[in-house]
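The file target-v9.cif comes next; it holds mmCIF, C-alpha atoms.
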```cif
data_coords
loop_
_atom_site.label_atom_id
_atom_site.label_comp_id
_atom_site.auth_asym_id
_atom_site.auth_seq_id
_atom_site.Cartn_x
_atom_site.Cartn_y
_atom_site.Cartn_z
CA MET A 1 155.27 -125.61 -24.45
CA ARG A 2 152.52 -123.58 -26.16
CA VAL A 3 150.52 -126.78 -26.68
CA LEU A 4 150.79 -127.65 -22.98
CA GLN A 5 149.76 -124.12 -22.01
CA ALA A 6 146.77 -124.36 -24.35
CA LEU A 7 145.62 -127.63 -22.78
CA LEU A 8 146.03 -126.27 -19.28
CA SER A 9 144.06 -123.17 -20.21
CA LEU A 10 141.19 -125.28 -21.56
CA HIS A 11 141.41 -127.35 -18.37
CA MET A 12 140.98 -124.18 -16.29
CA VAL A 13 137.94 -123.19 -18.35
CA ALA A 14 136.40 -126.60 -17.78
CA CYS A 15 137.10 -126.56 -14.04
CA SER A 16 135.65 -123.10 -13.60
CA GLN A 17 132.52 -124.10 -15.47
CA ALA A 18 132.13 -127.38 -13.58
CA ARG A 19 131.22 -125.48 -10.41
CA TYR A 20 128.08 -124.16 -12.08
CA GLN A 21 127.05 -126.94 -14.44
CA CYS A 22 124.68 -128.80 -12.08
CA PRO A 23 121.93 -126.30 -11.28
CA HIS A 24 119.46 -129.09 -10.55
CA GLY A 25 121.60 -130.40 -7.71
CA LYS A 26 121.51 -133.96 -9.01
CA PRO A 27 124.56 -136.02 -9.92
CA ALA A 28 125.72 -136.29 -13.52
CA LYS A 29 126.04 -140.04 -13.16
CA THR A 30 122.62 -141.64 -12.99
CA SER A 31 120.96 -144.96 -13.66
CA GLU A 32 117.81 -144.73 -15.73
CA ALA A 33 115.12 -146.92 -17.14
CA SER A 34 115.54 -147.95 -20.74
CA TRP A 35 115.02 -145.35 -23.46
CA LEU A 36 114.12 -148.31 -25.68
CA GLN A 37 110.62 -148.15 -24.20
CA ASN A 38 110.12 -144.52 -25.17
CA LYS A 39 107.26 -144.63 -27.68
CA ASN A 40 107.74 -140.98 -28.54
CA LEU A 41 111.28 -141.73 -29.71
CA MET A 42 110.06 -144.73 -31.69
CA SER A 43 107.52 -142.61 -33.55
CA GLN A 44 110.08 -139.92 -34.40
CA GLN A 45 112.04 -142.26 -36.63
CA ASP A 46 109.13 -143.36 -38.79
CA ASP A 47 109.03 -140.50 -41.30
CA ARG A 48 112.71 -139.68 -41.57
CA THR A 49 114.01 -139.48 -45.13
CA PRO A 50 117.43 -140.52 -46.51
CA LYS A 51 119.68 -138.26 -48.53
CA THR A 52 122.86 -139.31 -50.32
CA PRO A 53 125.82 -137.30 -48.97
CA ASP A 54 127.62 -134.97 -51.34
CA ARG A 55 130.76 -136.61 -52.78
CA HIS A 56 134.16 -134.96 -53.09
CA ILE A 57 137.81 -135.78 -53.82
CA VAL A 58 140.84 -135.24 -51.58
CA ASN A 59 144.09 -135.47 -53.53
CA LEU A 60 146.70 -136.93 -51.17
CA ASP A 61 149.45 -135.98 -53.63
CA LEU A 62 148.89 -132.29 -52.87
CA PRO A 63 150.68 -130.52 -50.02
CA PRO A 64 148.68 -131.06 -46.81
CA ASN A 65 147.51 -127.45 -46.60
CA GLU A 66 145.90 -127.69 -50.06
CA ARG A 67 144.10 -131.05 -49.79
CA TRP A 68 140.80 -129.75 -48.39
CA SER A 69 140.80 -126.33 -50.08
CA ASP A 70 138.24 -127.15 -52.78
CA ILE A 71 135.84 -128.68 -50.27
CA GLY A 72 136.28 -125.80 -47.83
CA LYS A 73 135.45 -123.20 -50.47
CA ILE A 74 132.21 -125.01 -51.33
CA TYR A 75 130.98 -124.82 -47.74
CA ALA A 76 132.50 -121.46 -46.76
CA ASN A 77 129.17 -119.66 -47.10
CA ARG A 78 127.72 -121.95 -44.41
CA SER A 79 130.73 -122.30 -42.14
CA ASP A 80 129.02 -120.18 -39.47
CA LEU A 81 127.08 -123.35 -38.61
CA ILE A 82 130.30 -124.83 -37.22
CA VAL A 83 130.72 -121.83 -34.93
CA GLN A 84 127.08 -122.11 -33.91
CA TYR A 85 127.58 -125.78 -33.01
CA PHE A 86 130.29 -124.91 -30.50
CA GLU A 87 128.30 -121.97 -29.13
CA ASP A 88 125.40 -124.32 -28.48
CA MET A 89 127.60 -127.08 -27.05
CA LEU A 90 130.14 -125.26 -24.89
CA PRO A 91 129.97 -122.73 -22.07
CA SER A 92 130.45 -119.15 -23.26
CA ALA A 93 133.87 -118.89 -21.60
CA ALA A 94 135.09 -121.91 -23.56
CA VAL A 95 133.77 -120.50 -26.85
CA VAL A 96 135.66 -117.24 -26.28
CA ALA A 97 138.80 -119.22 -25.49
CA ILE A 98 138.71 -121.45 -28.58
CA ASP A 99 140.34 -119.02 -31.02
CA LYS A 100 143.01 -117.97 -28.52
CA ILE A 101 143.80 -121.46 -27.24
CA ALA A 102 142.80 -124.26 -29.62
CA LYS A 103 144.75 -122.86 -32.57
CA HIS A 104 147.99 -123.48 -30.67
CA LEU A 105 147.15 -127.18 -30.60
CA VAL A 106 147.56 -127.35 -34.37
CA GLY A 107 151.27 -127.87 -33.74
CA TYR A 108 150.68 -130.90 -31.51
CA LYS A 109 153.00 -133.65 -32.76
CA GLY A 110 150.26 -136.27 -32.79
CA PHE A 111 148.51 -134.35 -35.58
CA GLY A 112 151.47 -134.67 -37.98
CA ASP A 113 150.38 -133.60 -41.48
CA PHE A 114 146.83 -133.27 -40.21
CA GLY A 115 147.83 -130.00 -38.54
CA ASP A 116 148.71 -128.47 -41.91
CA GLU A 117 145.52 -129.90 -43.38
CA MET A 118 143.55 -128.05 -40.69
CA LYS A 119 145.33 -124.78 -41.48
CA GLY A 120 144.43 -125.03 -45.14
CA TYR A 121 140.87 -126.10 -44.35
CA ALA A 122 140.36 -123.14 -42.00
CA GLU A 123 141.55 -120.71 -44.67
CA ALA A 124 139.26 -122.21 -47.31
CA LEU A 125 136.28 -122.19 -44.94
CA ASP A 126 137.10 -118.60 -43.90
CA LEU A 127 137.03 -119.73 -40.26
CA ASP A 128 139.32 -118.94 -37.37
CA LEU A 129 141.82 -121.78 -37.10
CA GLY A 130 140.78 -122.41 -33.51
CA TYR A 131 137.33 -123.57 -34.60
CA VAL A 132 138.73 -126.05 -37.10
CA VAL A 133 141.15 -127.46 -34.52
CA ALA A 134 138.27 -127.67 -32.06
CA ALA A 135 136.15 -129.48 -34.65
CA ASN A 136 138.88 -132.11 -34.92
CA LEU A 137 138.85 -132.48 -31.13
CA VAL A 138 135.07 -132.38 -30.83
CA TYR A 139 134.89 -135.79 -29.14
CA GLN A 140 137.31 -134.52 -26.52
CA LEU A 141 135.83 -131.03 -26.09
CA GLU A 142 132.16 -131.98 -25.77
CA SER A 143 132.55 -132.88 -22.09
CA ILE A 144 133.44 -129.29 -21.16
CA GLY A 145 129.85 -128.26 -21.70
CA VAL A 146 127.75 -131.29 -20.96
CA ASN A 147 128.63 -132.75 -17.59
CA CYS A 148 129.75 -132.00 -14.09
CA SER A 149 132.91 -134.07 -14.29
CA ASN A 150 135.58 -134.37 -16.98
CA TRP A 151 134.28 -137.31 -18.97
CA ASN A 152 133.61 -137.42 -22.68
CA ASN A 153 130.07 -137.44 -24.04
CA THR A 154 129.60 -139.86 -26.90
CA GLY A 155 127.14 -142.54 -25.94
CA PRO A 156 126.24 -144.05 -22.59
CA THR A 157 128.93 -146.02 -20.89
CA GLY A 158 129.89 -148.41 -18.12
CA GLN A 159 132.21 -151.38 -17.95
CA CYS A 160 135.38 -149.32 -17.63
CA GLY A 161 137.83 -150.39 -15.00
CA ASP A 162 137.75 -147.15 -13.03
CA ASP A 163 134.06 -146.43 -13.60
CA ASP A 164 132.13 -146.65 -10.35
CA VAL A 165 128.61 -146.67 -11.78
CA ASP A 166 126.36 -149.67 -11.32
CA GLU A 167 124.38 -149.55 -14.49
CA VAL A 168 124.82 -146.87 -17.16
CA VAL A 169 126.12 -143.34 -17.25
CA TRP A 170 124.03 -140.68 -18.95
CA PHE A 171 125.74 -137.33 -19.47
CA GLU A 172 123.12 -134.83 -20.51
CA SER A 173 123.54 -131.08 -20.73
CA ASP A 174 120.43 -130.64 -18.56
CA HIS A 175 121.95 -132.68 -15.70
CA TYR A 176 118.88 -134.24 -14.26
CA LEU A 177 117.46 -137.71 -13.82
CA ARG A 178 115.41 -138.24 -16.95
CA SER A 179 112.08 -139.95 -17.21
CA LEU A 180 111.08 -142.14 -20.15
CA GLU A 181 109.31 -139.19 -21.73
CA ASP A 182 112.31 -136.87 -21.65
CA GLU A 183 114.32 -136.29 -24.79
CA VAL A 184 117.45 -138.39 -25.00
CA LYS A 185 120.42 -136.41 -26.30
CA THR A 186 123.18 -138.95 -25.97
CA GLY A 187 124.64 -140.60 -29.05
CA TYR A 188 124.73 -144.29 -29.85
CA CYS A 189 126.44 -146.28 -32.59
CA THR A 190 126.02 -149.78 -34.02
CA SER A 191 128.32 -151.61 -36.44
CA VAL A 192 128.17 -155.13 -37.83
CA VAL A 193 130.44 -157.19 -40.09
CA ALA A 194 129.08 -160.44 -41.51
CA GLU A 195 129.83 -163.21 -43.97
CA GLU A 196 127.32 -163.81 -46.74
CA ALA A 197 126.71 -166.86 -48.94
CA GLY A 198 128.96 -165.59 -51.72
CA ASP A 199 131.98 -165.64 -49.37
CA GLY A 200 132.08 -161.87 -49.16
CA ILE A 201 131.86 -159.60 -46.12
CA LEU A 202 129.12 -157.01 -45.66
CA HIS A 203 129.65 -154.15 -43.23
CA GLY A 204 126.81 -152.06 -41.79
CA ARG A 205 127.25 -148.94 -39.71
CA ASN A 206 124.91 -146.46 -37.99
CA LEU A 207 126.46 -143.25 -36.69
CA ASP A 208 124.26 -141.68 -34.03
CA TRP A 209 125.94 -138.35 -33.31
CA ASN A 210 122.63 -136.49 -32.86
CA LEU A 211 123.62 -133.51 -35.00
CA GLU A 212 121.20 -130.75 -35.90
CA GLU A 213 119.75 -131.28 -39.38
CA GLU A 214 121.69 -128.41 -40.96
CA LEU A 215 124.96 -129.94 -39.78
CA ARG A 216 123.96 -133.41 -40.95
CA GLU A 217 124.18 -131.99 -44.46
CA PHE A 218 127.86 -131.31 -43.72
CA ILE A 219 128.47 -135.08 -43.63
CA ILE A 220 130.21 -135.90 -46.90
CA THR A 221 131.64 -138.86 -48.79
CA VAL A 222 135.26 -138.40 -49.83
CA ASP A 223 137.34 -140.32 -52.36
CA PHE A 224 140.93 -140.11 -51.10
CA GLN A 225 143.15 -140.36 -54.18
CA ARG A 226 146.80 -140.93 -55.04
CA GLY A 227 148.17 -140.84 -58.57
CA GLY A 228 144.71 -140.06 -59.92
CA SER A 229 143.18 -143.27 -58.51
CA THR A 230 140.99 -143.74 -55.46
CA LEU A 231 142.92 -145.30 -52.59
CA TYR A 232 139.84 -145.52 -50.35
CA THR A 233 136.46 -143.90 -49.82
CA GLY A 234 135.39 -142.53 -46.45
CA SER A 235 132.78 -140.52 -44.59
CA THR A 236 133.60 -137.37 -42.68
CA ILE A 237 132.08 -134.01 -41.77
CA VAL A 238 133.14 -130.67 -43.19
CA SER A 239 136.04 -129.14 -41.19
CA PHE A 240 137.00 -132.60 -39.85
CA VAL A 241 140.14 -134.19 -41.34
CA GLY A 242 139.63 -137.57 -39.68
CA ILE A 243 137.23 -140.22 -40.98
CA LEU A 244 134.20 -141.86 -39.38
CA ASN A 245 134.16 -145.00 -41.55
CA ALA A 246 135.77 -146.01 -44.83
CA MET A 247 136.31 -148.77 -47.39
CA LYS A 248 139.21 -149.79 -49.63
CA SER A 249 137.90 -152.04 -52.41
CA GLY A 250 139.48 -155.11 -53.99
CA ASP A 251 140.50 -158.67 -53.12
CA ASP A 252 142.90 -157.29 -50.49
CA GLY A 253 140.51 -154.53 -49.47
CA PHE A 254 138.89 -153.83 -46.13
CA SER A 255 136.37 -151.56 -44.45
CA PHE A 256 136.18 -150.04 -41.00
CA SER A 257 133.83 -148.14 -38.72
CA MET A 258 134.34 -146.81 -35.21
CA ASP A 259 132.03 -146.89 -32.19
CA ALA A 260 132.64 -145.03 -28.93
CA ARG A 261 133.83 -146.94 -25.85
CA CYS A 262 133.72 -145.78 -22.22
CA GLN A 263 132.84 -142.28 -23.42
CA GLY A 264 136.50 -141.93 -24.27
CA GLY A 265 137.70 -141.99 -20.66
CA LYS A 266 138.86 -139.09 -18.52
CA LEU A 267 139.36 -136.05 -20.70
CA TRP A 268 142.30 -134.16 -19.26
CA SER A 269 144.44 -137.11 -18.27
CA ASN A 270 143.89 -138.43 -21.80
CA LEU A 271 145.09 -135.23 -23.45
CA LEU A 272 147.99 -134.55 -21.11
CA GLU A 273 149.26 -138.12 -21.39
CA ALA A 274 148.89 -137.91 -25.15
CA LEU A 275 151.47 -135.12 -25.26
CA ALA A 276 154.16 -137.55 -24.16
CA PHE A 277 153.32 -140.15 -26.80
CA GLY A 278 152.05 -138.05 -29.71
CA ALA A 279 148.77 -139.96 -29.61
CA MET A 280 146.23 -139.54 -32.40
CA THR A 281 142.50 -139.09 -32.18
CA PRO A 282 140.79 -142.37 -33.19
CA CYS A 283 139.43 -140.79 -36.39
CA GLN A 284 142.86 -139.54 -37.44
CA HIS A 285 144.42 -142.89 -36.56
CA SER A 286 141.82 -144.45 -38.87
CA ARG A 287 143.08 -142.33 -41.75
CA TYR A 288 146.60 -143.49 -41.02
CA VAL A 289 145.41 -147.10 -41.18
CA MET A 290 143.48 -146.61 -44.42
CA GLU A 291 146.49 -144.93 -46.05
CA THR A 292 149.07 -147.41 -44.73
CA ALA A 293 147.60 -150.92 -44.59
CA THR A 294 147.64 -152.96 -47.79
CA ASN A 295 145.29 -155.73 -46.64
CA TYR A 296 142.82 -156.77 -43.94
CA ASP A 297 145.38 -158.39 -41.62
CA GLU A 298 147.59 -155.31 -41.67
CA ALA A 299 144.58 -153.10 -40.99
CA VAL A 300 143.54 -155.16 -37.94
CA HIS A 301 147.10 -155.04 -36.60
CA LEU A 302 147.33 -151.28 -37.03
CA PHE A 303 143.98 -150.75 -35.32
CA GLU A 304 145.28 -152.91 -32.45
CA THR A 305 148.39 -150.77 -32.04
CA GLY A 306 149.39 -147.12 -31.68
CA HIS A 307 148.61 -144.56 -29.01
CA LEU A 308 145.12 -143.05 -29.04
CA ILE A 309 143.71 -140.06 -27.20
CA ASP A 310 140.48 -142.00 -26.54
CA ASP A 311 139.21 -145.54 -26.16
CA GLY A 312 137.14 -146.95 -29.00
CA TYR A 313 135.89 -149.94 -30.96
CA PHE A 314 137.24 -150.42 -34.48
CA ILE A 315 134.99 -152.73 -36.49
CA VAL A 316 136.89 -154.14 -39.48
CA GLY A 317 135.70 -156.16 -42.46
CA GLY A 318 137.82 -157.77 -45.18
CA ALA A 319 137.01 -159.28 -48.56
CA SER A 320 137.21 -163.02 -47.76
CA PRO A 321 135.51 -165.49 -45.39
CA GLY A 322 136.57 -165.08 -41.78
CA GLN A 323 137.76 -161.52 -42.29
CA GLY A 324 135.70 -159.69 -39.74
CA ALA A 325 136.73 -158.36 -36.34
CA VAL A 326 135.86 -155.99 -33.53
CA VAL A 327 139.03 -154.45 -32.11
CA THR A 328 138.40 -153.17 -28.57
CA ARG A 329 140.92 -150.46 -27.78
CA ALA A 330 142.05 -148.75 -24.65
CA ARG A 331 144.14 -145.68 -25.32
CA ASN A 332 147.50 -147.44 -25.13
CA ARG A 333 146.69 -151.12 -25.71
CA ASP A 334 144.48 -153.63 -27.44
CA VAL A 335 141.94 -154.94 -24.94
CA ASP A 336 140.51 -157.63 -27.19
CA THR A 337 140.12 -158.61 -30.84
CA TRP A 338 136.87 -160.49 -31.46
CA ILE A 339 137.01 -162.22 -34.82
CA ILE A 340 134.51 -164.06 -36.99
CA GLU A 341 135.05 -167.79 -36.41
CA SER A 342 132.93 -170.88 -37.07
CA SER A 343 133.29 -172.27 -33.54
CA ASP A 344 131.13 -169.49 -32.17
CA ASP A 345 127.31 -169.73 -32.11
CA ARG A 346 127.20 -166.42 -33.95
CA GLY A 347 130.41 -167.14 -35.79
CA TRP A 348 129.34 -165.67 -39.14
CA TYR A 349 128.95 -162.11 -37.88
CA ARG A 350 130.12 -159.67 -35.22
CA LEU A 351 127.82 -156.88 -34.02
CA GLU A 352 129.09 -154.08 -31.78
CA THR A 353 127.27 -151.23 -30.06
CA ASN A 354 129.11 -149.31 -27.31
CA TYR A 355 129.95 -152.06 -24.82
CA ASP A 356 132.59 -154.77 -24.57
CA HIS A 357 131.20 -157.89 -26.26
CA ASP A 358 132.19 -160.24 -23.42
CA GLN A 359 130.38 -158.16 -20.81
CA PRO A 360 126.63 -157.74 -20.26
CA VAL A 361 125.05 -154.61 -21.63
CA PRO A 362 123.17 -152.21 -19.34
CA THR A 363 119.45 -152.83 -19.25
CA ALA A 364 118.95 -149.12 -19.92
CA ASP A 365 120.65 -149.38 -23.30
CA ASP A 366 120.40 -152.92 -24.64
CA ARG A 367 120.68 -152.45 -28.40
CA ARG A 368 122.77 -155.61 -28.64
CA THR A 369 119.95 -158.13 -28.06
CA PRO A 370 117.60 -156.81 -30.78
CA GLY A 371 120.58 -156.42 -33.11
CA TYR A 372 121.51 -160.07 -32.63
CA ALA A 373 117.89 -161.11 -33.11
CA ASN A 374 117.61 -159.23 -36.40
CA MET A 375 120.82 -160.78 -37.74
CA GLU A 376 119.72 -164.28 -36.73
CA ALA A 377 116.33 -163.77 -38.39
CA ILE A 378 118.08 -163.18 -41.73
CA GLY A 379 120.81 -165.81 -41.48
CA LYS A 380 124.07 -166.08 -43.41
CA GLU A 381 122.59 -167.78 -46.48
CA ALA A 382 120.00 -165.06 -47.06
CA LEU A 383 122.08 -162.01 -46.08
CA ASN A 384 122.54 -159.35 -48.75
CA GLU A 385 123.06 -155.60 -48.97
CA GLU A 386 119.33 -154.86 -49.08
CA ASN A 387 118.21 -156.87 -46.04
CA LEU A 388 121.21 -155.82 -43.97
CA LEU A 389 120.04 -152.26 -44.51
CA GLU A 390 116.28 -152.78 -44.23
CA ASP A 391 116.05 -155.54 -41.61
CA VAL A 392 118.97 -154.63 -39.35
CA MET A 393 120.33 -151.11 -39.75
CA LYS A 394 116.89 -149.50 -40.18
CA GLN A 395 115.21 -151.40 -37.34
CA TRP A 396 114.51 -149.95 -33.90
CA PRO A 397 116.55 -149.38 -31.77
CA THR A 398 119.60 -149.77 -34.02
CA PHE A 399 117.96 -147.03 -36.06
CA ASN A 400 116.62 -144.24 -33.87
CA PRO A 401 115.96 -140.49 -34.00
CA HIS A 402 119.63 -139.76 -33.34
CA THR A 403 120.93 -141.77 -36.29
CA ASP A 404 122.66 -139.27 -38.55
CA LEU A 405 124.37 -141.61 -41.02
CA THR A 406 123.88 -145.18 -42.23
CA CYS A 407 126.41 -146.92 -44.46
CA ILE A 408 126.60 -150.35 -46.09
CA MET A 409 130.10 -151.29 -47.26
CA SER A 410 131.79 -154.24 -48.91
CA ALA A 411 135.39 -154.39 -50.12
CA LYS A 412 134.75 -157.49 -52.25
CA TYR A 413 131.73 -156.06 -54.05
CA ASP A 414 132.97 -152.44 -54.12
CA ILE A 415 129.92 -151.22 -52.20
CA TYR A 416 129.93 -147.91 -50.37
CA ASP A 417 126.34 -146.76 -49.97
CA CYS A 418 125.63 -144.12 -47.35
CA SER A 419 122.59 -142.06 -46.37
CA ILE A 420 122.17 -139.02 -44.17
CA TRP A 421 118.88 -139.05 -42.29
CA LEU A 422 116.75 -135.92 -42.43
CA ASP A 423 113.85 -135.15 -40.13
CA ALA A 424 110.25 -135.43 -41.22
CA ALA A 425 108.87 -132.26 -42.78
#
```
Please express what this file holds, its structure, as structure tokens.
Amino acid sequence: MRVLQALLSLHMVACSQARYQCPHGKPAKTSEASWLQNKNLMSQQDDRTPKTPDRHIVNLDLPPNERWSDIGKIYANRSDLIVQYFEDMLPSAAVVAIDKIAKHLVGYKGFGDFGDEMKGYAEALDLDLGYVVAANLVYQLESIGVNCSNWNNTGPTGQCGDDDVDEVVWFESDHYLRSLEDEVKTGYCTSVVAEEAGDGILHGRNLDWNLEEELREFIITVDFQRGGSTLYTGSTIVSFVGILNAMKSGDDGFSFSMDARCQGGKLWSNLLEALAFGAMTPCQHSRYVMETATNYDEAVHLFETGHLIDDGYFIVGGASPGQGAVVTRARNRDVDTWIIESSDDRGWYRLETNYDHDQPVPTADDRRTPGYANMEAIGKEALNEENLLEDVMKQWPTFNPHTDLTCIMSAKYDIYDCSIWLDAA
């Protein structure tokens, strides 16, 4: 009951704010010319520098409330940046409500052990529990502050069954029709899994969350261990107990990354419906998969199943030829699983941005076409870790000023190389 009351209270905050969130008098849903033509954005990426994320260990044999304690204590002296993020992102009324409301969600049954992990993390970070719970619902909460309707804000969207837009939806906190010279604040993601000549699978991922530089340094690499051995390695952000991408090495190993789909769907119906099913956030579901599946096929099946709070794309790579797939998920069902297969013209790889692969992409956000072109220019026989990074993941517009994290992974070759991107000095 307290969880339901908390959700309804957040809903009331959002509704009260929605009346005042469009001062420019223009709709939140707009069609816009392509940001790909924005030369200012292109130039911003040129001098960015990579930094290897800090690496830590989470011992899964510990009680849940102790697993993140060591990491939390390391970052406790900078945890005010997490509070600042929410103050910048959300209306003031929502920020005030977080500590009083969000902390009650820690008992939500979909969190399972993750709820106790959040409690321990909050204590180690010396943060109010509400902020840590909110951090783990950031994908769901962002829409309170950034649009005039209750839709999530991770990437442009379209192609959803109940979406009435013609081209592409841009949800910007400024709520106005942007020109090509205006700053783009929305996030984009690109993932690719591909066979290479040695019969292995390479997996590239760009996470374009558009975090401030100080928070980008909160992105960390974590070795999740059992019995003193690493079960899998993943990327996450301090205060967040889910994972953004991960890799389990070995002949039966696999890797995954997640891209946003349909901006997650309608926020409040998602959360309220989730109460009935105990749905997980996609990033927490990904941890469940990494800690449960023993091989690629099991991982694909688990990504295809289970109740999620939001839609998403799970991009999965194995360790053997043919083991690559894009799992397109609605909240309660598998929409499509697009596998690597030789009968396809591009059968040796699968590249996903933020749109269903069997549907056209919006002209305003066509990252798919240049991504395909860059993969074809390399070819399967020449593909390796270096050119996947340099000639695909670091090429415009796959790589852009909002790219926070780039990773190259391979279960067969035990590769997990990630970089945070820092702004030019």
Report the closest atom pair, with its distance in Å rounded to one decimal, for each residue of segment 333-418 of chain A that has an atom no farther than 9 Å from segment 303-325 of chain A; count all atoms listed in the file, sort by chain and then rising residue number, and write it as a Markdown table.
```
| residue | atom | partner | partner_atom | distance |
| --- | --- | --- | --- | --- |
| A:Arg333 | CA | A:Thr305 | CA | 6.6 |
| A:Asp334 | CA | A:Glu304 | CA | 5.1 |
| A:Val335 | CA | A:Glu304 | CA | 8.5 |
| A:Asp336 | CA | A:Glu304 | CA | 8.5 |
| A:Thr337 | CA | A:Ala325 | CA | 6.5 |
| A:Trp338 | CA | A:Ala325 | CA | 5.3 |
| A:Ile339 | CA | A:Ala325 | CA | 4.2 |
| A:Ile340 | CA | A:Gly324 | CA | 5.3 |
| A:Glu341 | CA | A:Gly322 | CA | 6.2 |
| A:Ser342 | CA | A:Gly322 | CA | 8.3 |
| A:Gly347 | CA | A:Gly322 | CA | 8.8 |
| A:Trp348 | CA | A:Gly322 | CA | 7.7 |
| A:Tyr349 | CA | A:Gly324 | CA | 7.4 |
| A:Arg350 | CA | A:Ala325 | CA | 6.8 |
| A:Leu351 | CA | A:Ile315 | CA | 8.6 |
| A:Glu352 | CA | A:Ile315 | CA | 7.7 |
| A:Thr353 | CA | A:Tyr313 | CA | 8.8 |
| A:Asn354 | CA | A:Tyr313 | CA | 7.7 |
| A:Tyr355 | CA | A:Tyr313 | CA | 8.8 |
| A:Asp356 | CA | A:Tyr313 | CA | 8.7 |
| A:Met409 | CA | A:Gly317 | CA | 8.8 |
| A:Ser410 | CA | A:Ala319 | CA | 7.3 |
| A:Ala411 | CA | A:Ala319 | CA | 5.4 |
| A:Lys412 | CA | A:Ala319 | CA | 4.7 |
| A:Tyr413 | CA | A:Ala319 | CA | 8.3 |
```
- Can you give me, as JSON, numbers by chain, the residues this file yields under the PyMOL selection byres ((chain A and resi 81) around 12)? {"A": [75, 76, 77, 78, 79, 80, 82, 83, 84, 85, 86, 87, 88, 125, 127, 131, 135, 211, 212, 213, 214, 215, 216, 217, 218, 238, 239]}
- Query: Which of these, A:Leu129, A:Leu36, A:Val138, A:Leu60, has the shortest distance to Pro282 of chain A once you count only C-alpha atoms?
  - Reply: A:Val138
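Applied to the file shown here, the PyMOL selection byres ((chain A and resi 227) around 12) selects the residues A:Val58, A:Asn59, A:Leu60, A:Asp61, A:Leu62, A:Phe224, A:Gln225, A:Arg226, A:Gly228, A:Ser229, A:Thr230, A:Leu231.
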- Item | atom CA of Thr49 of chain A to atom CA of Asp423 of chain A, straight-line distance in Å | 6.6 Å
- Message: Could you tell me how far atom CA of Asp252 of chain A sits from atom CA of Gly200 of chain A, in Å to one decimal place?
- Response: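 Separating atom CA of Gly200 of chain A from atom CA of Asp252 of chain A is a distance of 11.8 Å.
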- Task: Find the distance between atom CA of Phe399 of chain A and atom CA of Ala377 of chain A and write it in Å to one decimal.
- Result: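 For atom CA of Phe399 of chain A relative to atom CA of Ala377 of chain A, the distance reads 17.0 Å.
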- Report as a PyMOL selection string the full result of the PyMOL selection byres ((chain A and resi 249) around 6) when it is applied to this structure. chain A and resi 248+250+253+411+414
- Item | Spatial sel., origin (135.9, -150.7, -44.8), limit 6 Å, all atoms listed in the file, listed as number ranges by chain | A: 246-248, 254-256, 317
- Note on the structure: Between A:Gly120, A:Gly242, A:Gly234, A:Gly130, smallest distance to Gly72 of chain A by only C-alpha atoms belongs to A:Gly120
- Message: Can you tell me which residues surround Gly112 of chain A at a distance of at most 10 Å, considering only C-alpha atoms, apart from same-chain residues fewer than 4 positions away, and format the answer as a VMD selection string?
- Response: chain A and resid 64 106 to 108 116 to 117 278 280 284
- Message: Taking 2 positions as the minimum chain separation for residues in the same chain, which residues sit within 8 Å of segment 54-57 of chain A when counting only C-alpha atoms? Answer as an NGL selection string.
- Response: :A and (52 or 59 or 71 or 219-225)
Test item: axis-aligned box, all listed atoms of segment 330-342 of chain A, 5 Å on each side, centre and edges in Å rounded to one decimal, as lines of an AutoDock Vina configuration file:
```
center_x = 140.2
center_y = -158.3
center_z = -30.9
size_x = 24.6
size_y = 35.2
size_z = 22.4
```
- Nearest to Asn384 of chain A among A:Val326, A:Cys262, A:Ile201, A:Cys407, with distances taken over all atoms listed in the file: which residue is it?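 Using all atoms listed in the file, Asn384 of chain A sits closest to A:Ile201.
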